[in-house]
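Written out below as structure tokens is the structure these notes cover.
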Amino acid sequence: MATPDRHSDHCIGNFIGGEIVQPPADAQLLDNIEPATGQVYGKLVDSSDGDLQAAVAAAEAALPHWRGLDPEERARYLERIAALIEDNLDALAEAESRDNGKPLALARSVDIPRAAANFRFFARAITQFASESHAMGERAINYTLRAPLGIVGCISPWNLPLYLFTWKIAPALAAGNCVIAKPSEVTPKTASMLAEICQKAGLPAGVLNILHGRGSGIGSALVAHPKIAAISFTGGTATGARIAAEAAPRFKKLSLELGGKNPTLVFADCDWEKTLDGVLRAAFANQGQICLCGSRIYVESSIYKDFKAALLQRVAKLRVGDPLTQVDQGALISAAHMEKVLNAITQAKEEGGQILCGGERLQVEGRCRNGYFVAPTLIEGLPIDCRTNQQEIFGPVATIQPFADEEEALQLANGTGYGLATSVWSQNLSRCHRLAGQLDFGIVWINCWMQRDLRTPFGGMKNSGVGREGGWEALRFFTEAKNVCIDYA
Ligand code: NDP
């Protein structure tokens with residue numbers, strides 16, 4: 001395949017001031033690689049400081065009008081964007097699958113519908129968003145105003161590209177902010193399609209600006225820019241720490257959704273079939289590249305042998321291959337990430353882990369022969385304090401281990417530096433409720449995994465982040481509270 005150049009349709013440009021800007025002749029370009037084939041299939045601009053200044057100027061110009069609109073009017077734009085995402089479901093799903101390596105069916109059923117739902121949800125939410133008042137008897141009354149912050153930065157990762165990009169942009173816009181957003185450099189395609197959708201929806205110029213490029217370049221410049229009032233970031237914990245260090249001395253509002261090392265607790269009294277399906281999906285959905293994936297599986301010892309055998313049977317049936325065909329698992333995001341995952345498997349062996357299945361790169365025939373495929377991998381026999389059980393691998397790799405009783409299950413579950421999500425599988429609801437109170441995680445799923453209600457607070461404890469997204473939490477994050485006190489005397 002010929003490598004596209006800056007003049008071809010495949011070169012992704014920025015969205016600034018309502019225009020899709022083709023990169024100038026001297027712009028730096030980055031390769032866009034299709035993970036399933038390992039081939040460069042497009043280019044994208046690596047934004048410069050000049051691009052950032054232009055985006056800030058466009059956002060500044062758009063802000064007075066946008067923040068001054070009634071919430072219902074802003075909501076109408078967001079509803080239009082949601083409808084256009086739905087109208088373009090097939091094209092967006094195919095683009096997401098090619099860009100990311102995820103199965104087309106997953107992009108079609110989860111990623112793209114959820115991107116539309118994000119806009120629709122916050123369109124409706126903003127029309128219901130109310131602030132508080134506190135009466136001081138006959139003396140005075142306080143009421144709280146909630147004003148947009150101004151220009152905000154949204155930075156999202158590659159694993160759920162449009163899904164997470166819009167999860168930040170929608171509430172920020174709904175609340176009356178202008179946004180400068182940066183998708184991951186490795187999955188820019190659906191963000192560029194969102195720009196076209198915003199144009200079609202008639203979103204006023206400069207309200208949303210999308211800058212492409214490297215996190216260490218334009219991402220970091222966005223965080224540091226003095227006119228950007230807040231940063232909403234989803235990504236790895238190490239990047240989150242760097243962003244926090246840059247943003248803190250500038251007193252920017254920060255929302256950080258970071259990594260996880262999530263435990264799945266299976267008790268002997270679980271619903272067998274439902275649990276097996278849930279544990280399998282939690283471990284391997286999206287090639288294990290979801291921050292919520294259950295990568296540490298703990299099973300009550302009385303059922304450990306049988307459960308492990310039944311799980312292995314299910315893993316063996318997972319179809320891995322060309323994401324554009326009927327498969328359960330596609331390619332990992334990049335060659336570098338695949339190497340990281342394979343190195344983590346090697347490390348697990350060195351730490352004494354036994355590979356129960358997988359453990360290697362998979363060769364897929366045809367157009368995907370150079371793709372980044374790793375077989376779904378289960379590893380047994382590793383203690384909680386080894387690196388394999390402490391570090392996020394973010395691939396189709398899970399460890400499995402027995403526990404004796406509830407107390408040990410709790411200790412193992414809470415035994416890492418992360419605290420994003422956990423799932424508990426048991427029909428004893430009083431036990432589940434008790435554990436929910438003791439598990440140090442922002443999200444506890446009982447007899448389910450990744451069941452999402454957009455009204456609920458979403459986020460992690462410990463090294464998994466700071467702040468919560470979703471529902472009112474997101475609208476509160478993207479607004480500044482101002483208390484007004486009126487004395488009656
Ligand atoms: P990264 O932290 O590498 O990148 C996330 C985003 O930040 C990308 O857009 C990246 O740009 C950008 N970025 C990188 N460095 C900087 C910087 N110094 N300043 C500003 N922006 C920067 O994460 P990944 O993309 O690898 O995503 C995987 C990680 O995301 C996993 O750890 C996963 O657990 C976490 N995650 C957390 C979720 C949550 O809700 N808690 C949900 C989904 C994922 P670029 O890619 O262009 O370098």
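In the structure tokens, each chain is lettered A, B, ... as it comes, each chain's residues begin at 1, and ligands are numbered from 1 in order of appearance.
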
Which chains and residue numbers are within 8 Å of ligand 1, counting only C-alpha atoms and all ligand atoms, if I want them as a PDB file with N, CA and C atoms, in the first residue's frame?
```pdb
ATOM      1  N   ILE A 155      -8.583  15.581  27.084  1.00  0.00           N
ATOM      2  CA  ILE A 155      -7.554  14.699  26.505  1.00  0.00           C
ATOM      3  C   ILE A 155      -7.973  13.249  26.739  1.00  0.00           C
ATOM      4  N   SER A 156      -8.031  12.472  25.657  1.00  0.00           N
ATOM      5  CA  SER A 156      -8.570  11.117  25.808  1.00  0.00           C
ATOM      6  C   SER A 156      -7.623  10.074  25.209  1.00  0.00           C
ATOM      7  N   PRO A 157      -7.781   8.821  25.620  1.00  0.00           N
ATOM      8  CA  PRO A 157      -6.864   7.760  25.172  1.00  0.00           C
ATOM      9  C   PRO A 157      -7.375   7.015  23.936  1.00  0.00           C
ATOM     10  N   TRP A 158      -6.652   5.964  23.550  1.00  0.00           N
ATOM     11  CA  TRP A 158      -6.933   5.270  22.289  1.00  0.00           C
ATOM     12  C   TRP A 158      -7.841   4.075  22.435  1.00  0.00           C
ATOM     13  N   ASN A 159      -8.109   3.634  23.656  1.00  0.00           N
ATOM     14  CA  ASN A 159      -8.770   2.321  23.768  1.00  0.00           C
ATOM     15  C   ASN A 159     -10.259   2.354  23.414  1.00  0.00           C
ATOM     16  N   LEU A 160     -10.934   3.456  23.778  1.00  0.00           N
ATOM     17  CA  LEU A 160     -12.343   3.638  23.412  1.00  0.00           C
ATOM     18  C   LEU A 160     -12.405   5.039  22.792  1.00  0.00           C
ATOM     19  N   LEU A 164     -14.786   7.763  24.641  1.00  0.00           N
ATOM     20  CA  LEU A 164     -14.246   8.564  25.755  1.00  0.00           C
ATOM     21  C   LEU A 164     -14.039  10.033  25.378  1.00  0.00           C
ATOM     22  N   LYS A 182      -8.070  16.936  22.518  1.00  0.00           N
ATOM     23  CA  LYS A 182      -7.005  16.193  21.837  1.00  0.00           C
ATOM     24  C   LYS A 182      -7.260  14.695  21.963  1.00  0.00           C
ATOM     25  N   PRO A 183      -7.544  14.041  20.828  1.00  0.00           N
ATOM     26  CA  PRO A 183      -7.656  12.580  20.881  1.00  0.00           C
ATOM     27  C   PRO A 183      -6.258  11.970  20.896  1.00  0.00           C
ATOM     28  N   SER A 184      -6.187  10.675  21.133  1.00  0.00           N
ATOM     29  CA  SER A 184      -4.881  10.017  21.068  1.00  0.00           C
ATOM     30  C   SER A 184      -4.339  10.065  19.645  1.00  0.00           C
ATOM     31  N   GLU A 185      -3.042  10.242  19.541  1.00  0.00           N
ATOM     32  CA  GLU A 185      -2.432  10.333  18.204  1.00  0.00           C
ATOM     33  C   GLU A 185      -2.580   9.027  17.434  1.00  0.00           C
ATOM     34  N   VAL A 186      -2.783   7.907  18.153  1.00  0.00           N
ATOM     35  CA  VAL A 186      -2.872   6.626  17.439  1.00  0.00           C
ATOM     36  C   VAL A 186      -4.293   6.297  16.975  1.00  0.00           C
ATOM     37  N   THR A 187      -5.277   7.037  17.427  1.00  0.00           N
ATOM     38  CA  THR A 187      -6.669   6.806  16.978  1.00  0.00           C
ATOM     39  C   THR A 187      -7.364   8.141  16.672  1.00  0.00           C
ATOM     40  N   HIS A 212      -4.854  17.554  16.803  1.00  0.00           N
ATOM     41  CA  HIS A 212      -4.236  16.227  16.752  1.00  0.00           C
ATOM     42  C   HIS A 212      -2.747  16.339  17.062  1.00  0.00           C
ATOM     43  N   GLY A 213      -2.192  15.215  17.472  1.00  0.00           N
ATOM     44  CA  GLY A 213      -0.738  15.212  17.653  1.00  0.00           C
ATOM     45  C   GLY A 213      -0.310  14.476  18.902  1.00  0.00           C
ATOM     46  N   ARG A 214       0.965  14.545  19.154  1.00  0.00           N
ATOM     47  CA  ARG A 214       1.554  13.769  20.238  1.00  0.00           C
ATOM     48  C   ARG A 214       1.198  14.348  21.611  1.00  0.00           C
ATOM     49  N   GLY A 215       0.987  13.421  22.556  1.00  0.00           N
ATOM     50  CA  GLY A 215       0.673  13.846  23.918  1.00  0.00           C
ATOM     51  C   GLY A 215       1.787  14.676  24.519  1.00  0.00           C
ATOM     52  N   SER A 216       3.035  14.241  24.284  1.00  0.00           N
ATOM     53  CA  SER A 216       4.163  14.948  24.897  1.00  0.00           C
ATOM     54  C   SER A 216       4.361  16.320  24.265  1.00  0.00           C
ATOM     55  N   GLY A 217       3.803  16.554  23.078  1.00  0.00           N
ATOM     56  CA  GLY A 217       3.916  17.854  22.420  1.00  0.00           C
ATOM     57  C   GLY A 217       2.678  18.700  22.665  1.00  0.00           C
ATOM     58  N   ILE A 218       1.688  18.540  21.788  1.00  0.00           N
ATOM     59  CA  ILE A 218       0.513  19.402  21.875  1.00  0.00           C
ATOM     60  C   ILE A 218      -0.312  19.110  23.147  1.00  0.00           C
ATOM     61  N   GLY A 219      -0.307  17.829  23.605  1.00  0.00           N
ATOM     62  CA  GLY A 219      -1.055  17.499  24.826  1.00  0.00           C
ATOM     63  C   GLY A 219      -0.514  18.289  26.005  1.00  0.00           C
ATOM     64  N   SER A 220       0.805  18.253  26.141  1.00  0.00           N
ATOM     65  CA  SER A 220       1.454  18.941  27.247  1.00  0.00           C
ATOM     66  C   SER A 220       1.262  20.464  27.133  1.00  0.00           C
ATOM     67  N   ALA A 221       1.347  20.999  25.899  1.00  0.00           N
ATOM     68  CA  ALA A 221       1.158  22.447  25.696  1.00  0.00           C
ATOM     69  C   ALA A 221      -0.264  22.874  26.074  1.00  0.00           C
ATOM     70  N   LEU A 222      -1.217  22.010  25.792  1.00  0.00           N
ATOM     71  CA  LEU A 222      -2.615  22.286  26.146  1.00  0.00           C
ATOM     72  C   LEU A 222      -2.763  22.400  27.672  1.00  0.00           C
ATOM     73  N   VAL A 223      -2.130  21.463  28.361  1.00  0.00           N
ATOM     74  CA  VAL A 223      -2.219  21.467  29.833  1.00  0.00           C
ATOM     75  C   VAL A 223      -1.610  22.752  30.399  1.00  0.00           C
ATOM     76  N   PHE A 233      -8.859  14.628  31.838  1.00  0.00           N
ATOM     77  CA  PHE A 233      -7.911  13.693  31.216  1.00  0.00           C
ATOM     78  C   PHE A 233      -8.290  12.255  31.516  1.00  0.00           C
ATOM     79  N   THR A 234      -8.251  11.414  30.517  1.00  0.00           N
ATOM     80  CA  THR A 234      -8.329   9.963  30.732  1.00  0.00           C
ATOM     81  C   THR A 234      -7.126   9.346  30.063  1.00  0.00           C
ATOM     82  N   GLY A 235      -6.422   8.507  30.798  1.00  0.00           N
ATOM     83  CA  GLY A 235      -5.223   7.876  30.246  1.00  0.00           C
ATOM     84  C   GLY A 235      -4.488   7.132  31.345  1.00  0.00           C
ATOM     85  N   GLY A 236      -3.207   6.892  31.106  1.00  0.00           N
ATOM     86  CA  GLY A 236      -2.417   6.112  32.049  1.00  0.00           C
ATOM     87  C   GLY A 236      -2.073   6.897  33.317  1.00  0.00           C
ATOM     88  N   THR A 237      -1.768   6.158  34.384  1.00  0.00           N
ATOM     89  CA  THR A 237      -1.484   6.787  35.677  1.00  0.00           C
ATOM     90  C   THR A 237      -0.206   7.634  35.616  1.00  0.00           C
ATOM     91  N   ALA A 238       0.820   7.151  34.911  1.00  0.00           N
ATOM     92  CA  ALA A 238       2.071   7.925  34.842  1.00  0.00           C
ATOM     93  C   ALA A 238       1.830   9.252  34.112  1.00  0.00           C
ATOM     94  N   THR A 239       1.051   9.217  33.029  1.00  0.00           N
ATOM     95  CA  THR A 239       0.749  10.477  32.314  1.00  0.00           C
ATOM     96  C   THR A 239      -0.084  11.383  33.217  1.00  0.00           C
ATOM     97  N   GLY A 240      -1.031  10.793  33.934  1.00  0.00           N
ATOM     98  CA  GLY A 240      -1.872  11.580  34.857  1.00  0.00           C
ATOM     99  C   GLY A 240      -1.022  12.316  35.884  1.00  0.00           C
ATOM    100  N   ARG A 242       2.087  13.285  35.495  1.00  0.00           N
ATOM    101  CA  ARG A 242       2.795  14.390  34.815  1.00  0.00           C
ATOM    102  C   ARG A 242       1.857  15.582  34.616  1.00  0.00           C
ATOM    103  N   ILE A 243       0.624  15.279  34.217  1.00  0.00           N
ATOM    104  CA  ILE A 243      -0.336  16.358  33.971  1.00  0.00           C
ATOM    105  C   ILE A 243      -0.667  17.069  35.287  1.00  0.00           C
ATOM    106  N   LEU A 256      -9.029  13.430  36.631  1.00  0.00           N
ATOM    107  CA  LEU A 256      -8.078  12.428  36.143  1.00  0.00           C
ATOM    108  C   LEU A 256      -8.694  11.043  36.250  1.00  0.00           C
ATOM    109  N   GLU A 257      -8.929  10.427  35.108  1.00  0.00           N
ATOM    110  CA  GLU A 257      -9.419   9.040  35.077  1.00  0.00           C
ATOM    111  C   GLU A 257      -8.268   8.183  34.590  1.00  0.00           C
ATOM    112  N   LEU A 258      -7.708   7.352  35.477  1.00  0.00           N
ATOM    113  CA  LEU A 258      -6.427   6.710  35.163  1.00  0.00           C
ATOM    114  C   LEU A 258      -6.546   5.186  35.099  1.00  0.00           C
ATOM    115  N   GLY A 259      -5.450   4.525  35.297  1.00  0.00           N
ATOM    116  CA  GLY A 259      -5.400   3.086  35.070  1.00  0.00           C
ATOM    117  C   GLY A 259      -6.070   2.263  36.151  1.00  0.00           C
ATOM    118  N   GLY A 260      -6.102   0.952  35.921  1.00  0.00           N
ATOM    119  CA  GLY A 260      -6.707   0.048  36.903  1.00  0.00           C
ATOM    120  C   GLY A 260      -6.030  -1.312  36.879  1.00  0.00           C
ATOM    121  N   GLN A 289      -8.190  -4.205  26.673  1.00  0.00           N
ATOM    122  CA  GLN A 289      -7.741  -2.797  26.685  1.00  0.00           C
ATOM    123  C   GLN A 289      -8.888  -1.879  27.116  1.00  0.00           C
ATOM    124  N   ILE A 290      -9.468  -2.176  28.256  1.00  0.00           N
ATOM    125  CA  ILE A 290     -10.448  -1.259  28.859  1.00  0.00           C
ATOM    126  C   ILE A 290      -9.966  -1.051  30.289  1.00  0.00           C
ATOM    127  N   CYS A 291      -9.979   0.199  30.723  1.00  0.00           N
ATOM    128  CA  CYS A 291      -9.473   0.485  32.069  1.00  0.00           C
ATOM    129  C   CYS A 291     -10.221  -0.325  33.119  1.00  0.00           C
ATOM    130  N   LEU A 292     -11.441  -0.767  32.787  1.00  0.00           N
ATOM    131  CA  LEU A 292     -12.301  -1.472  33.746  1.00  0.00           C
ATOM    132  C   LEU A 292     -12.110  -2.982  33.695  1.00  0.00           C
ATOM    133  N   GLU A 392      -0.538  -2.550  35.702  1.00  0.00           N
ATOM    134  CA  GLU A 392      -1.547  -2.665  34.650  1.00  0.00           C
ATOM    135  C   GLU A 392      -0.874  -3.174  33.372  1.00  0.00           C
ATOM    136  N   PHE A 394      -2.935  -4.083  30.486  1.00  0.00           N
ATOM    137  CA  PHE A 394      -3.783  -3.465  29.451  1.00  0.00           C
ATOM    138  C   PHE A 394      -3.743  -4.257  28.148  1.00  0.00           C
ATOM    139  N   LEU A 420      -9.879   1.320  40.695  1.00  0.00           N
ATOM    140  CA  LEU A 420     -10.885   1.782  39.735  1.00  0.00           C
ATOM    141  C   LEU A 420     -12.188   1.000  39.856  1.00  0.00           C
ATOM    142  N   PHE A 458     -18.577   8.165  38.001  1.00  0.00           N
ATOM    143  CA  PHE A 458     -17.639   7.235  37.381  1.00  0.00           C
ATOM    144  C   PHE A 458     -16.221   7.699  37.661  1.00  0.00           C
ATOM    145  N   GLY A 459     -15.419   6.816  38.255  1.00  0.00           N
ATOM    146  CA  GLY A 459     -14.020   7.174  38.485  1.00  0.00           C
ATOM    147  C   GLY A 459     -13.411   6.280  39.538  1.00  0.00           C
ATOM    148  N   GLY A 460     -12.124   6.505  39.802  1.00  0.00           N
ATOM    149  CA  GLY A 460     -11.413   5.582  40.664  1.00  0.00           C
ATOM    150  C   GLY A 460     -10.827   6.214  41.911  1.00  0.00           C
ATOM    151  N   SER A 464      -5.930   5.297  40.666  1.00  0.00           N
ATOM    152  CA  SER A 464      -6.826   5.250  39.499  1.00  0.00           C
ATOM    153  C   SER A 464      -7.454   6.594  39.193  1.00  0.00           C
ATOM    154  N   GLY A 465      -7.134   7.609  39.974  1.00  0.00           N
ATOM    155  CA  GLY A 465      -7.588   8.923  39.537  1.00  0.00           C
ATOM    156  C   GLY A 465      -8.099   9.829  40.629  1.00  0.00           C
TER     157      GLY A 465
END
```

Could you pull out the helix (DSSP H, G or I) residues of stretch 35-183 of chain A, going by DSSP on the backbone, and write them as a short mmCIF file (atom, residue, chain, number, x, y, z; two decimals) with C-alpha atoms, in the first residue's frame?
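And here's result-v4.cif as it stands now:
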```cif
data_model
loop_
_atom_site.label_atom_id
_atom_site.label_comp_id
_atom_site.auth_asym_id
_atom_site.auth_seq_id
_atom_site.Cartn_x
_atom_site.Cartn_y
_atom_site.Cartn_z
CA ASP A 49 2.09 25.93 19.28
CA GLY A 50 0.65 28.10 16.51
CA ASP A 51 -2.26 25.67 16.13
CA LEU A 52 -2.89 25.86 19.85
CA GLN A 53 -2.85 29.68 19.81
CA ALA A 54 -5.32 29.66 16.89
CA ALA A 55 -7.61 27.22 18.74
CA VAL A 56 -7.49 29.32 21.92
CA ALA A 57 -8.30 32.49 19.94
CA ALA A 58 -11.23 30.73 18.22
CA ALA A 59 -12.55 29.42 21.53
CA GLU A 60 -12.20 32.85 23.16
CA ALA A 61 -14.15 34.45 20.33
CA ALA A 62 -16.91 31.83 20.53
CA LEU A 63 -17.26 31.83 24.30
CA PRO A 64 -19.49 34.86 24.98
CA HIS A 65 -22.18 33.66 22.58
CA TRP A 66 -22.02 29.99 23.60
CA ARG A 67 -22.07 30.55 27.36
CA GLY A 68 -24.87 33.09 26.91
CA PRO A 71 -29.34 25.55 28.12
CA GLU A 72 -32.19 24.40 25.85
CA GLU A 73 -30.47 26.00 22.84
CA ARG A 74 -27.14 24.38 23.64
CA ALA A 75 -28.99 21.11 24.14
CA ARG A 76 -30.47 21.35 20.64
CA TYR A 77 -26.99 21.46 19.09
CA LEU A 78 -25.93 18.46 21.15
CA GLU A 79 -29.06 16.53 20.14
CA ARG A 80 -28.27 17.25 16.49
CA ILE A 81 -24.73 15.96 16.91
CA ALA A 82 -26.09 12.79 18.58
CA ALA A 83 -28.51 12.20 15.71
CA LEU A 84 -25.76 12.68 13.11
CA ILE A 85 -23.51 10.21 14.93
CA GLU A 86 -26.36 7.71 14.75
CA ASP A 87 -26.93 8.45 11.06
CA LEU A 89 -23.06 4.62 12.60
CA ASP A 90 -21.68 2.31 9.91
CA ALA A 91 -18.95 4.66 8.68
CA LEU A 92 -17.90 5.61 12.21
CA ALA A 93 -17.84 1.99 13.39
CA GLU A 94 -15.70 0.92 10.46
CA ALA A 95 -13.31 3.82 11.01
CA GLU A 96 -13.03 3.01 14.71
CA SER A 97 -12.38 -0.66 14.03
CA ARG A 98 -9.65 0.11 11.45
CA ASP A 99 -8.01 2.79 13.59
CA ASN A 100 -8.05 0.82 16.83
CA LEU A 104 -16.26 -4.04 14.07
CA ALA A 105 -19.25 -5.55 15.86
CA LEU A 106 -18.03 -4.06 19.15
CA ALA A 107 -17.53 -0.61 17.64
CA ARG A 108 -21.00 -0.87 16.09
CA SER A 109 -22.78 -2.06 19.20
CA VAL A 110 -20.86 -0.23 21.94
CA ASP A 111 -18.42 2.53 20.96
CA ILE A 112 -20.44 4.52 18.45
CA PRO A 113 -23.89 4.19 20.07
CA ARG A 114 -22.31 5.29 23.33
CA ALA A 115 -20.76 8.36 21.65
CA ALA A 116 -24.25 9.37 20.50
CA ALA A 117 -25.66 8.58 23.94
CA ASN A 118 -23.05 10.85 25.55
CA PHE A 119 -24.26 13.85 23.57
CA ARG A 120 -27.94 13.00 24.04
CA PHE A 121 -27.53 12.34 27.77
CA PHE A 122 -25.81 15.66 28.48
CA ALA A 123 -28.18 17.54 26.18
CA ARG A 124 -31.00 16.39 28.42
CA ALA A 125 -29.04 16.67 31.67
CA ILE A 126 -28.18 20.34 31.19
CA THR A 127 -31.85 21.24 30.89
CA GLN A 128 -32.40 19.64 34.34
CA PRO A 161 -11.59 6.54 21.09
CA LEU A 162 -14.86 8.28 20.23
CA TYR A 163 -16.63 6.89 23.29
CA LEU A 164 -14.25 8.56 25.76
CA PHE A 165 -13.58 11.65 23.64
CA THR A 166 -17.30 12.52 23.60
CA TRP A 167 -17.76 11.53 27.25
CA LYS A 168 -15.69 14.61 28.10
CA ILE A 169 -16.65 16.97 25.30
CA ALA A 170 -20.43 16.58 25.69
CA PRO A 171 -20.72 17.71 29.34
CA ALA A 172 -18.14 20.46 28.82
CA LEU A 173 -20.14 21.91 25.92
CA ALA A 174 -23.49 21.37 27.63
#
```

**Item:** A:Ile228 surroundings by only C-alpha atoms, 8 Å radius, close-in-sequence under 6 positions cut, as an MDAnalysis selection string
**Value:** chainID A and resid 150:153 222 252

**Request:** Run DSSP on the backbone and give me the residues of stretch 102-215 of chain A it puts in strand (DSSP E or B), as JSON, numbers by chain.
**Result:** {"A": [133, 134, 135, 136, 140, 141, 142, 143, 144, 145, 146, 147, 148, 151, 152, 153, 154, 155, 178, 179, 180, 181, 182, 208, 209, 210]}

Those residues with N, CA, C and O atoms, as a compact mmCIF listing (two decimals), in the first residue's frame please?
```
# COMPACT_ATOMS: atom_id res chain seq x y z
N SER A 133 -30.10 26.44 46.98
CA SER A 133 -30.22 27.66 47.77
C SER A 133 -30.29 27.26 49.24
O SER A 133 -30.76 26.16 49.56
N HIS A 134 -29.78 28.12 50.08
CA HIS A 134 -29.75 27.84 51.53
C HIS A 134 -30.33 29.05 52.25
O HIS A 134 -29.68 30.10 52.33
N ALA A 135 -31.53 28.88 52.78
CA ALA A 135 -32.17 29.99 53.50
C ALA A 135 -31.60 30.07 54.91
O ALA A 135 -31.36 29.04 55.56
N MET A 136 -31.35 31.30 55.41
CA MET A 136 -30.88 31.50 56.79
C MET A 136 -32.05 32.11 57.57
O MET A 136 -32.03 33.30 57.91
N ALA A 140 -31.58 35.96 55.80
CA ALA A 140 -30.91 36.06 54.50
C ALA A 140 -31.12 34.79 53.70
O ALA A 140 -31.60 33.79 54.24
N ILE A 141 -30.78 34.87 52.45
CA ILE A 141 -30.79 33.64 51.63
C ILE A 141 -29.52 33.58 50.80
O ILE A 141 -29.01 34.60 50.32
N ASN A 142 -29.00 32.36 50.67
CA ASN A 142 -27.86 32.09 49.79
C ASN A 142 -28.37 31.35 48.57
O ASN A 142 -29.22 30.46 48.70
N TYR A 143 -27.88 31.71 47.43
CA TYR A 143 -28.10 30.83 46.29
C TYR A 143 -26.79 30.67 45.53
O TYR A 143 -25.92 31.55 45.57
N THR A 144 -26.66 29.52 44.88
CA THR A 144 -25.40 29.20 44.22
C THR A 144 -25.56 29.29 42.72
O THR A 144 -26.47 28.68 42.16
N LEU A 145 -24.70 30.10 42.12
CA LEU A 145 -24.68 30.16 40.66
C LEU A 145 -23.66 29.16 40.15
O LEU A 145 -22.63 28.93 40.79
N ARG A 146 -23.95 28.57 39.01
CA ARG A 146 -22.98 27.65 38.41
C ARG A 146 -22.66 28.16 37.01
O ARG A 146 -23.47 28.03 36.11
N ALA A 147 -21.50 28.75 36.85
CA ALA A 147 -21.11 29.35 35.57
C ALA A 147 -20.11 28.44 34.87
O ALA A 147 -19.31 27.75 35.53
N PRO A 148 -20.12 28.41 33.53
CA PRO A 148 -19.08 27.64 32.83
C PRO A 148 -17.69 28.16 33.19
O PRO A 148 -17.52 29.32 33.57
N ILE A 151 -12.63 28.22 28.75
CA ILE A 151 -12.07 27.27 27.77
C ILE A 151 -11.49 26.09 28.55
O ILE A 151 -10.70 26.29 29.49
N VAL A 152 -11.89 24.90 28.16
CA VAL A 152 -11.39 23.72 28.88
C VAL A 152 -10.71 22.77 27.89
O VAL A 152 -11.01 22.76 26.70
N GLY A 153 -9.79 21.97 28.42
CA GLY A 153 -9.06 21.00 27.61
C GLY A 153 -9.52 19.59 27.92
O GLY A 153 -9.70 19.24 29.10
N CYS A 154 -9.76 18.79 26.88
CA CYS A 154 -10.17 17.40 27.06
C CYS A 154 -9.17 16.50 26.35
O CYS A 154 -8.96 16.67 25.14
N ILE A 155 -8.58 15.58 27.08
CA ILE A 155 -7.55 14.70 26.50
C ILE A 155 -7.97 13.25 26.74
O ILE A 155 -8.23 12.86 27.88
N CYS A 178 -16.27 26.44 26.03
CA CYS A 178 -15.70 26.12 24.74
C CYS A 178 -14.56 25.13 24.99
O CYS A 178 -13.90 25.18 26.05
N VAL A 179 -14.36 24.23 24.04
CA VAL A 179 -13.48 23.08 24.30
C VAL A 179 -12.34 23.03 23.28
O VAL A 179 -12.55 23.27 22.09
N ILE A 180 -11.15 22.71 23.79
CA ILE A 180 -10.06 22.29 22.90
C ILE A 180 -9.75 20.84 23.29
O ILE A 180 -9.41 20.56 24.45
N ALA A 181 -9.96 19.95 22.32
CA ALA A 181 -9.86 18.53 22.65
C ALA A 181 -8.75 17.88 21.85
O ALA A 181 -8.53 18.22 20.69
N LYS A 182 -8.07 16.94 22.52
CA LYS A 182 -7.01 16.19 21.84
C LYS A 182 -7.26 14.70 21.96
O LYS A 182 -7.20 14.14 23.06
N LEU A 208 -16.12 24.05 19.61
CA LEU A 208 -15.29 22.85 19.79
C LEU A 208 -14.13 22.93 18.80
O LEU A 208 -14.34 23.14 17.60
N ASN A 209 -12.93 22.77 19.31
CA ASN A 209 -11.72 22.74 18.47
C ASN A 209 -11.00 21.42 18.76
O ASN A 209 -10.90 21.02 19.93
N ILE A 210 -10.54 20.77 17.70
CA ILE A 210 -9.88 19.47 17.89
C ILE A 210 -8.46 19.56 17.34
O ILE A 210 -8.26 19.88 16.16
```

**Request:** Counting only C-alpha atoms, figure out which residue out of A:Cys293, A:Ala344, A:Ala335, A:Ala375 gets nearest to A:Gln39.
**Result:** A:Ala335

**Message:** Give me the residues near stretch 274-283 of chain A as a PyMOL selection string, where near means some atom within 8 Å (using only C-alpha atoms) and where sequence neighbours in that chain fewer than 2 positions away do not count.
**Reply:** chain A and resi 264+266+270-272+285+288+292-295+297+307+310-311+314-315+396-398+425+447-450

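With only C-alpha atoms as the atoms that count, the minimum distance from A:Arg387 to the choices A:Gly38, A:Gly353, A:Gly17, A:Pro188 is reached by A:Gly353.
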
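Using only C-alpha atoms, the smallest distance between any of A:Leu454, A:Leu69, A:Leu203, A:Ala409 and A:Gln438 comes from A:Ala409.
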
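Reported to one decimal place, the separation of atom CA of A:Leu149 from atom CA of A:Phe477 is 8.9 Å.
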
**Message:** Measuring between only C-alpha atoms, which one of A:Val466, A:Ala229, A:Leu265, A:Arg369 shows the shortest distance to A:Arg250?
**Reply:**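 Of the candidates, the smallest distance to A:Arg250 is held by A:Ala229.
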
**Request:** Name the residues in contact with A:Val21 at a cut-off of 10 Å, using only C-alpha atoms, excluding same-chain residues fewer than 4 positions from it; report them as a ChimeraX atom specification.
**Result:** /A:12-17,45,51

**Request:** For each of A:Ala348, A:Ala331, A:Ile384, A:Leu412, take the minimum atom-to-atom distance to A:Leu362, counting only C-alpha atoms, then give the residue where this is smallest.
**Result:**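 Residue with the minimum atom-to-atom distance to A:Leu362: A:Ala331.
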
**Prompt:** Nearest to A:Arg468: which of A:Gly381, A:Phe129, A:Ser255, A:Ala336 is it, counting only C-alpha atoms?
**Reply:**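 Looking at the shortest contact to A:Arg468, the residue is A:Ser255.
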
**Coordinates-based distance that separates atom CA of A:Pro376 from atom CA of A:Gln354 (Å, one decimal)** = 14.1 Å

**Request:** Within 8 Å of A:Glu380, counting only C-alpha atoms, which residues show up once you throw out same-chain ones fewer than 6 positions away? Write them as a PyMOL selection string, please.
**Result:** chain A and resi 353-356+399-401

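Taking atom CA of A:Glu132 as the reference point, atom CA of A:Ala230 is found at 22.9 Å.
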